[in-house]
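Participant: What follows is final15.cif; its format and atoms are mmCIF, C-alpha atoms and all ligand atoms.
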```cif
data_run
loop_
_atom_site.label_atom_id
_atom_site.label_comp_id
_atom_site.auth_asym_id
_atom_site.auth_seq_id
_atom_site.Cartn_x
_atom_site.Cartn_y
_atom_site.Cartn_z
CA MET A 277 240.77 47.40 -2.45
CA PRO A 278 241.17 46.43 -6.10
CA GLU A 279 243.89 48.61 -7.61
CA LEU A 280 244.67 49.37 -11.25
CA PRO A 281 246.46 46.06 -11.98
CA GLU A 282 243.49 44.14 -10.55
CA VAL A 283 241.07 46.02 -12.79
CA GLU A 284 243.31 45.35 -15.80
CA THR A 285 243.34 41.67 -14.79
CA ILE A 286 239.53 41.67 -14.73
CA ARG A 287 239.40 43.34 -18.15
CA ARG A 288 241.69 40.75 -19.68
CA GLY A 289 239.93 37.86 -17.93
CA LEU A 290 236.41 38.91 -18.97
CA LEU A 291 237.37 39.50 -22.63
CA LYS A 292 237.45 35.75 -23.16
CA TYR A 293 233.86 35.28 -21.94
CA ILE A 294 231.87 38.35 -23.01
CA LEU A 295 233.52 39.94 -26.06
CA ASN A 296 231.07 39.74 -29.00
CA LYS A 297 228.49 38.12 -26.73
CA LYS A 298 224.98 39.46 -26.22
CA MET A 299 223.83 40.79 -22.87
CA VAL A 300 220.13 39.93 -22.67
CA GLY A 301 219.02 41.51 -19.39
CA VAL A 302 219.84 43.16 -16.07
CA GLU A 303 218.62 42.48 -12.56
CA VAL A 304 219.38 45.00 -9.82
CA SER A 305 218.95 44.22 -6.14
CA CYS A 306 220.57 47.39 -4.75
CA GLU A 307 219.40 50.67 -6.25
CA LYS A 308 222.62 52.61 -5.68
CA SER A 309 224.68 49.96 -7.47
CA TRP A 310 223.11 50.65 -10.91
CA ILE A 311 222.75 54.11 -12.45
CA GLY A 312 220.73 54.11 -15.67
CA PRO A 313 217.80 52.49 -17.44
CA LEU A 314 217.14 48.82 -16.73
CA ASP A 315 216.09 47.80 -20.24
CA PHE A 316 219.53 46.93 -21.52
CA ALA A 317 220.14 44.32 -24.21
CA ALA A 318 223.04 44.58 -26.68
CA LYS A 319 226.24 42.93 -27.86
CA VAL A 320 229.64 43.66 -26.27
CA THR A 321 232.06 45.26 -28.73
CA GLU A 322 234.98 46.24 -26.47
CA LEU A 323 236.32 46.23 -22.92
CA ARG A 324 238.39 49.23 -21.90
CA ARG A 325 240.00 50.48 -18.73
CA PHE A 326 240.49 54.07 -17.58
CA GLY A 327 242.47 54.15 -14.35
CA LYS A 328 240.50 51.92 -12.01
CA ALA A 329 237.27 52.14 -14.04
CA LEU A 330 236.29 49.26 -16.30
CA VAL A 331 234.24 50.22 -19.36
CA ILE A 332 232.22 47.73 -21.41
CA ASP A 333 231.11 49.07 -24.82
CA PHE A 334 228.02 47.71 -26.60
CA ASP A 335 226.71 47.80 -30.16
CA ASN A 336 223.75 50.02 -29.12
CA LYS A 337 226.19 52.94 -28.65
CA LYS A 338 225.93 52.58 -24.86
CA SER A 339 228.65 51.66 -22.37
CA LEU A 340 228.74 50.43 -18.81
CA MET A 341 231.28 52.14 -16.55
CA ILE A 342 232.10 49.91 -13.57
CA HIS A 343 233.76 51.14 -10.37
CA LEU A 344 234.69 48.40 -7.90
CA ARG A 345 235.79 50.74 -5.10
CA MET A 346 236.50 49.01 -1.76
CA THR A 347 234.90 45.57 -2.07
CA GLY A 348 233.62 45.16 -5.65
CA GLN A 349 233.97 41.87 -7.48
CA MET A 350 233.11 40.65 -10.96
CA ILE A 351 232.28 36.97 -11.08
CA TRP A 352 231.53 35.22 -14.35
CA GLN A 353 229.57 32.01 -14.28
CA GLY A 354 229.17 30.24 -17.59
CA GLU A 355 230.50 26.80 -18.39
CA GLU A 356 233.34 27.78 -16.07
CA ARG A 357 233.76 30.37 -13.35
CA TYR A 358 236.12 33.33 -13.42
CA ALA A 359 236.19 35.60 -10.37
CA ALA A 360 238.28 38.71 -9.77
CA GLY A 361 238.40 41.89 -7.69
CA HIS A 362 238.33 42.17 -3.91
CA PRO A 363 239.37 38.65 -2.78
CA SER A 364 236.76 36.90 -0.60
CA GLU A 365 234.71 33.75 -0.14
CA ASN A 366 232.41 34.98 -2.91
CA PHE A 367 234.99 33.82 -5.44
CA THR A 368 233.83 30.27 -4.79
CA ALA A 369 230.45 30.78 -3.05
CA GLU A 370 226.99 30.02 -4.41
CA LEU A 371 225.66 32.98 -6.42
CA PRO A 372 223.63 35.11 -6.33
CA ASN A 373 223.94 35.72 -2.59
CA LYS A 374 223.23 38.60 -0.20
CA GLN A 375 226.23 40.57 -1.49
CA THR A 376 225.10 40.36 -5.12
CA ARG A 377 224.03 43.86 -6.25
CA VAL A 378 223.67 43.53 -10.02
CA ILE A 379 223.23 40.53 -12.31
CA LEU A 380 224.16 40.97 -15.96
CA LYS A 381 222.63 38.14 -17.98
CA PHE A 382 224.41 37.08 -21.14
CA GLU A 383 223.44 34.58 -23.82
CA ASN A 384 226.30 32.33 -22.62
CA GLY A 385 226.39 32.93 -18.85
CA ILE A 386 225.91 35.38 -16.01
CA LEU A 387 228.16 38.18 -14.78
CA PHE A 388 227.60 38.94 -11.09
CA PHE A 389 228.58 42.27 -9.56
CA ASN A 390 229.08 41.57 -5.86
CA ASP A 391 229.93 44.38 -3.48
CA GLN A 392 229.82 43.89 0.27
CA ARG A 393 230.12 47.55 1.26
CA LYS A 394 228.13 49.06 -1.65
CA PHE A 395 230.62 51.82 -2.55
CA GLY A 396 231.00 50.45 -6.06
CA PHE A 397 228.53 50.98 -8.90
CA ILE A 398 227.74 50.43 -12.58
CA LYS A 399 226.68 53.43 -14.65
CA VAL A 400 225.15 53.47 -18.13
CA LEU A 401 226.78 56.06 -20.43
CA ASP A 402 226.66 56.99 -24.11
CA THR A 403 229.80 55.45 -25.58
CA GLU A 404 230.75 58.70 -27.32
CA LYS A 405 230.62 60.52 -23.97
CA VAL A 406 232.66 58.07 -21.89
CA GLU A 407 235.80 60.20 -22.03
CA GLU A 408 233.83 63.28 -20.94
CA GLU A 409 232.71 61.56 -17.73
CA PRO A 410 234.22 63.73 -14.93
CA PHE A 411 236.08 60.85 -13.27
CA ILE A 412 237.67 59.78 -16.56
CA ALA A 413 238.32 63.29 -17.87
CA SER A 414 240.21 64.21 -14.69
CA LEU A 415 242.52 61.16 -14.65
CA ALA A 416 246.23 61.85 -14.55
CA LYS A 417 248.64 59.75 -16.63
CA GLU A 418 249.38 56.17 -15.60
CA PRO A 419 252.99 55.12 -14.92
CA TRP A 420 253.18 53.60 -18.42
CA GLN A 421 251.95 56.80 -20.04
CA MET A 422 254.40 59.26 -18.47
CA THR A 423 258.12 59.86 -18.88
CA ALA A 424 260.57 60.16 -16.00
CA ASP A 425 260.93 63.88 -16.85
CA GLU A 426 257.17 64.36 -16.52
CA LEU A 427 257.14 62.65 -13.12
CA TYR A 428 260.14 64.73 -12.04
CA GLU A 429 258.22 67.93 -12.94
CA ILE A 430 255.26 66.75 -10.84
CA VAL A 431 257.54 65.83 -7.93
CA LYS A 432 259.22 69.25 -8.03
CA ARG A 433 255.81 70.98 -7.82
CA HIS A 434 255.19 69.23 -4.48
CA LYS A 435 258.68 69.66 -3.02
CA ASN A 436 257.57 69.87 0.63
CA SER A 437 255.33 66.78 0.62
CA PRO A 438 256.53 63.27 1.46
CA ILE A 439 257.15 61.42 -1.80
CA LYS A 440 254.65 58.71 -0.92
CA ALA A 441 251.84 61.27 -0.64
CA VAL A 442 252.84 62.74 -4.02
CA ILE A 443 252.74 59.45 -5.91
CA LEU A 444 249.56 58.27 -4.13
CA ASP A 445 247.67 61.41 -5.18
CA GLN A 446 245.54 60.33 -8.16
CA LYS A 447 245.74 63.87 -9.57
CA ASN A 448 249.51 63.32 -10.00
CA VAL A 449 249.75 59.67 -11.07
CA ALA A 450 246.75 57.51 -11.94
CA GLY A 451 246.39 54.07 -10.46
CA LEU A 452 249.29 53.92 -8.03
CA GLY A 453 247.58 52.65 -4.87
CA ASN A 454 249.08 51.84 -1.49
CA ILE A 455 250.57 48.45 -2.44
CA TYR A 456 252.28 49.74 -5.56
CA ALA A 457 253.48 52.97 -3.95
CA ASP A 458 255.28 50.99 -1.21
CA GLU A 459 256.75 48.53 -3.71
CA SER A 460 257.95 51.29 -6.08
CA LEU A 461 259.69 53.20 -3.28
CA TYR A 462 261.33 50.01 -2.03
CA TYR A 463 262.52 49.26 -5.57
CA ALA A 464 264.00 52.77 -5.83
CA LYS A 465 265.50 52.58 -2.30
CA VAL A 466 263.69 55.77 -1.34
CA HIS A 467 262.21 56.34 2.12
CA PRO A 468 258.49 57.19 1.75
CA LYS A 469 258.79 60.19 4.10
CA THR A 470 261.52 61.84 1.99
CA LYS A 471 260.46 65.35 0.99
CA ALA A 472 259.80 65.24 -2.76
CA GLY A 473 262.09 68.22 -3.37
CA LYS A 474 265.11 66.29 -2.07
CA LEU A 475 264.89 63.56 -4.69
CA SER A 476 267.34 63.35 -7.57
CA LYS A 477 266.20 62.84 -11.15
CA ARG A 478 267.69 59.37 -10.99
CA GLU A 479 265.64 58.44 -7.90
CA VAL A 480 262.44 59.66 -9.58
CA ARG A 481 263.29 57.60 -12.66
CA MET A 482 263.79 54.54 -10.44
CA ILE A 483 260.42 55.10 -8.71
CA LEU A 484 258.70 55.18 -12.11
CA GLU A 485 260.60 52.10 -13.27
CA GLY A 486 259.63 50.30 -10.04
CA ALA A 487 255.95 51.24 -10.46
CA ARG A 488 255.86 49.85 -13.99
CA LYS A 489 257.71 46.66 -13.04
CA VAL A 490 255.62 45.79 -10.02
CA MET A 491 252.28 46.63 -11.66
CA THR A 492 253.21 44.54 -14.71
CA ALA A 493 254.27 41.66 -12.45
CA SER A 494 250.92 41.88 -10.64
CA ILE A 495 248.92 41.77 -13.90
CA GLU A 496 251.01 38.87 -15.19
CA SER A 497 250.55 36.93 -11.94
CA GLY A 498 246.76 37.16 -12.37
CA GLY A 499 246.10 39.85 -9.73
CA SER A 500 243.49 39.08 -7.08
CA THR A 501 241.58 36.40 -8.97
CA MET A 502 240.05 33.08 -8.02
CA ALA A 503 243.13 31.33 -9.40
CA THR A 504 245.41 33.12 -6.93
CA TYR A 505 242.92 33.04 -4.03
CA VAL A 506 242.33 29.31 -4.08
CA LYS A 507 245.47 27.25 -4.60
CA ALA A 508 245.48 23.92 -6.45
CA ASP A 509 245.43 22.03 -3.13
CA GLY A 510 242.32 23.92 -1.94
CA THR A 511 244.13 26.17 0.57
CA LYS A 512 243.91 29.94 0.30
CA GLY A 513 246.72 31.86 -1.29
CA ASP A 514 247.48 35.53 -1.51
CA TYR A 515 248.26 37.18 -4.82
CA LEU A 516 250.66 39.55 -3.03
CA GLU A 517 253.00 36.59 -2.54
CA LYS A 518 253.67 36.60 -6.27
CA PHE A 519 255.30 40.02 -6.44
CA ALA A 520 255.30 41.94 -3.12
CA GLU A 521 258.74 42.51 -1.54
CA VAL A 522 257.61 44.71 1.37
CA PHE A 523 253.81 45.13 1.37
CA ARG A 524 252.30 43.26 4.35
CA ARG A 525 255.68 41.60 4.95
CA GLU A 526 256.51 43.33 8.24
CA GLY A 527 258.66 41.10 10.47
CA LYS A 528 260.04 39.22 7.45
CA LYS A 529 263.48 39.67 5.95
CA CYS A 530 264.32 42.11 3.15
CA GLY A 531 265.18 40.11 0.03
CA ARG A 532 268.03 42.51 -0.74
CA CYS A 533 269.84 43.02 2.56
CA GLY A 534 268.25 40.68 5.13
CA ALA A 535 267.13 43.46 7.50
CA GLU A 536 263.67 43.20 9.04
CA ILE A 537 260.85 44.88 7.13
CA VAL A 538 258.85 47.27 9.30
CA LYS A 539 255.46 48.93 9.11
CA ILE A 540 255.26 52.68 9.68
CA ARG A 541 252.71 55.40 8.94
CA VAL A 542 253.21 57.89 6.14
CA ALA A 543 250.60 60.26 4.69
CA GLY A 544 248.01 58.60 6.94
CA ARG A 545 248.57 55.19 5.37
CA GLY A 546 250.13 51.99 6.65
CA THR A 547 253.51 51.87 4.92
CA HIS A 548 256.05 49.07 4.58
CA ILE A 549 259.77 49.66 4.25
CA CYS A 550 263.19 48.11 4.69
CA PRO A 551 264.81 50.55 7.18
CA LYS A 552 268.27 49.66 5.89
CA CYS A 553 267.64 49.95 2.12
CA GLN A 554 265.38 53.00 2.46
CA LYS A 555 267.15 55.61 4.58
CA GLU A 556 265.38 58.84 5.43
CA LYS A 557 267.20 61.85 3.92
ZN ZN B 1 266.87 45.92 2.70
#
```
Show the structure stored in the file as structure tokens.
Ligand SMILES: [Zn+2]
Facilitator:
Amino acid sequence: MPELPEVETIRRGLLKYILNKKMVGVEVSCEKSWIGPLDFAAKVTELRRFGKALVIDFDNKKSLMIHLRMTGQMIWQGEERYAAGHPSENFTAELPNKQTRVILKFENGILFFNDQRKFGFIKVLDTEKVEEEPFIASLAKEPWQMTADELYEIVKRHKNSPIKAVILDQKNVAGLGNIYADESLYYAKVHPKTKAGKLSKREVRMILEGARKVMTASIESGGSTMATYVKADGTKGDYLEKFAEVFRREGKKCGRCGAEIVKIRVAGRGTHICPKCQKEK
């Protein structure tokens, strides 16, 4: 599932191709993937991100809010191709194909919205009302927007919950998905099952620091894009390799202490830890 850093990667990647360019038409092949009128032609003035929602603003005072959900992808095809989102064969496949839900036609290329499982969608909004949209209005602060004291206050309010559940809850922290929750807790040497109330202020500060570091590293590595999916020699890569220390590394050695990384279940989610660095309190 594309997480916040992946959506930020898409925003930055698409800027280069569509900012100040005119969108000339829309084609929709799945009704639930497009919410709004179909007669849409205007020039892009800005690309913004709110949590995991990408917002494209246009000079007709309208905006497109894009949710990728489980399997959404944005694939630009102009003189060159840029693909990002849920990594799959579509990054390099012929387009449109049977997973293409919406086609945004621009004066200089085509932006495909592909979504295998159809949970994602694009919604037309008035630009001045974007921040009133319920999903956006209810977003908590992102790790970059909150102080360690603010996170400590949130943690204390959920003292009987495992810390992983607290930081995964989007009402507490926006954009910290499963990958980044595991990596932040590993960074802070905190066991994900630790009751939030048992954490010191210093541990909470380290979790926040870890979240910022690993999310920044993911954005800087290019997230789940075509460039990380297909390596220069044509083989398939995995963007997690660029920054993940524990996520999907079960059976491999901890980079800090050499112990074997294991996969457990916490808060109903597959969770990766180093049992030696992250002791349960
Ligand atoms: Zn370790």
Participant: Using all atoms listed in the file, which residue out of A:Phe367, A:Tyr505, A:Phe382, A:Tyr463 lies closest to ligand ZN 1 (chain B)?
Facilitator: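 Closest candidate: A:Tyr463.
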Participant: Report as CSV: every residue of chain A with an atom at most 7 Å from ligand ZN 1 (chain B), its closest pair of atoms, and their distance in Å to one decimal, counting all atoms listed in the file, with rows sorted by chain and ascending residue number.
Facilitator:
```
residue,atom,partner,partner_atom,distance
A:Cys530,CA,B:ZN1,ZN,4.6
A:Gly531,CA,B:ZN1,ZN,6.6
A:Arg532,CA,B:ZN1,ZN,5.0
A:Cys533,CA,B:ZN1,ZN,4.2
A:Gly534,CA,B:ZN1,ZN,5.9
A:Ala535,CA,B:ZN1,ZN,5.4
A:Cys550,CA,B:ZN1,ZN,4.7
A:Pro551,CA,B:ZN1,ZN,6.8
A:Lys552,CA,B:ZN1,ZN,5.1
A:Cys553,CA,B:ZN1,ZN,4.1
```
Participant: Would you output that residue set with C-alpha atoms, as a short mmCIF file (atom, residue, chain, number, x, y, z; two decimals), in the frame of the given file?
Facilitator:
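Result file selection.cif:
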```cif
data_model
loop_
_atom_site.label_atom_id
_atom_site.label_comp_id
_atom_site.auth_asym_id
_atom_site.auth_seq_id
_atom_site.Cartn_x
_atom_site.Cartn_y
_atom_site.Cartn_z
CA CYS A 530 264.32 42.11 3.15
CA GLY A 531 265.18 40.11 0.03
CA ARG A 532 268.03 42.51 -0.74
CA CYS A 533 269.84 43.02 2.56
CA GLY A 534 268.25 40.68 5.13
CA ALA A 535 267.13 43.46 7.50
CA CYS A 550 263.19 48.11 4.69
CA PRO A 551 264.81 50.55 7.18
CA LYS A 552 268.27 49.66 5.89
CA CYS A 553 267.64 49.95 2.12
#
```
Participant: Near A:Lys477, within 8 Å and counting all atoms listed in the file, which residues show up once chain neighbours fewer than 2 positions away are dropped, as a short mmCIF file (atom, residue, chain, number, x, y, z; two decimals) with C-alpha atoms, in the coordinates of the input?
Facilitator:
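Dumped to around_5.cif:
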```cif
data_model
loop_
_atom_site.label_atom_id
_atom_site.label_comp_id
_atom_site.auth_asym_id
_atom_site.auth_seq_id
_atom_site.Cartn_x
_atom_site.Cartn_y
_atom_site.Cartn_z
CA ALA A 424 260.57 60.16 -16.00
CA ASP A 425 260.93 63.88 -16.85
CA TYR A 428 260.14 64.73 -12.04
CA LEU A 475 264.89 63.56 -4.69
CA GLU A 479 265.64 58.44 -7.90
CA VAL A 480 262.44 59.66 -9.58
CA ARG A 481 263.29 57.60 -12.66
#
```
Participant: Env of A:Thr423: 12 Å cut, atoms = all atoms listed in the file, seq-sep filter 3 positions within chain, self excluded. Answer as a count of residues only.
Facilitator: 18
Participant: Give the answer as one residue: which of A:Lys529, A:Phe397, A:Phe388, A:Ile549 has the shortest atom-to-atom distance to A:Ser460, using only C-alpha atoms?
Facilitator: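 Result for the nearest residue to A:Ser460: A:Ile549.
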Participant: Would you kindly return, as number ranges by chain, each protein, DNA or RNA residue with an atom no farther than 9 Å from any atom of A:Val304, considering all atoms listed in the file and excluding same-chain residues fewer than 5 positions away?
Facilitator: A: 309-310, 314, 376-380
Participant: Emit the selected residues as a CSV table (one decimal), in the frame of the given file, including C-alpha atoms.
Facilitator:
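The resulting file, selection20.csv, is shown below:
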```
chain,number,residue,atom,x,y,z
A,309,SER,CA,224.7,50.0,-7.5
A,310,TRP,CA,223.1,50.6,-10.9
A,314,LEU,CA,217.1,48.8,-16.7
A,376,THR,CA,225.1,40.4,-5.1
A,377,ARG,CA,224.0,43.9,-6.2
A,378,VAL,CA,223.7,43.5,-10.0
A,379,ILE,CA,223.2,40.5,-12.3
A,380,LEU,CA,224.2,41.0,-16.0
```
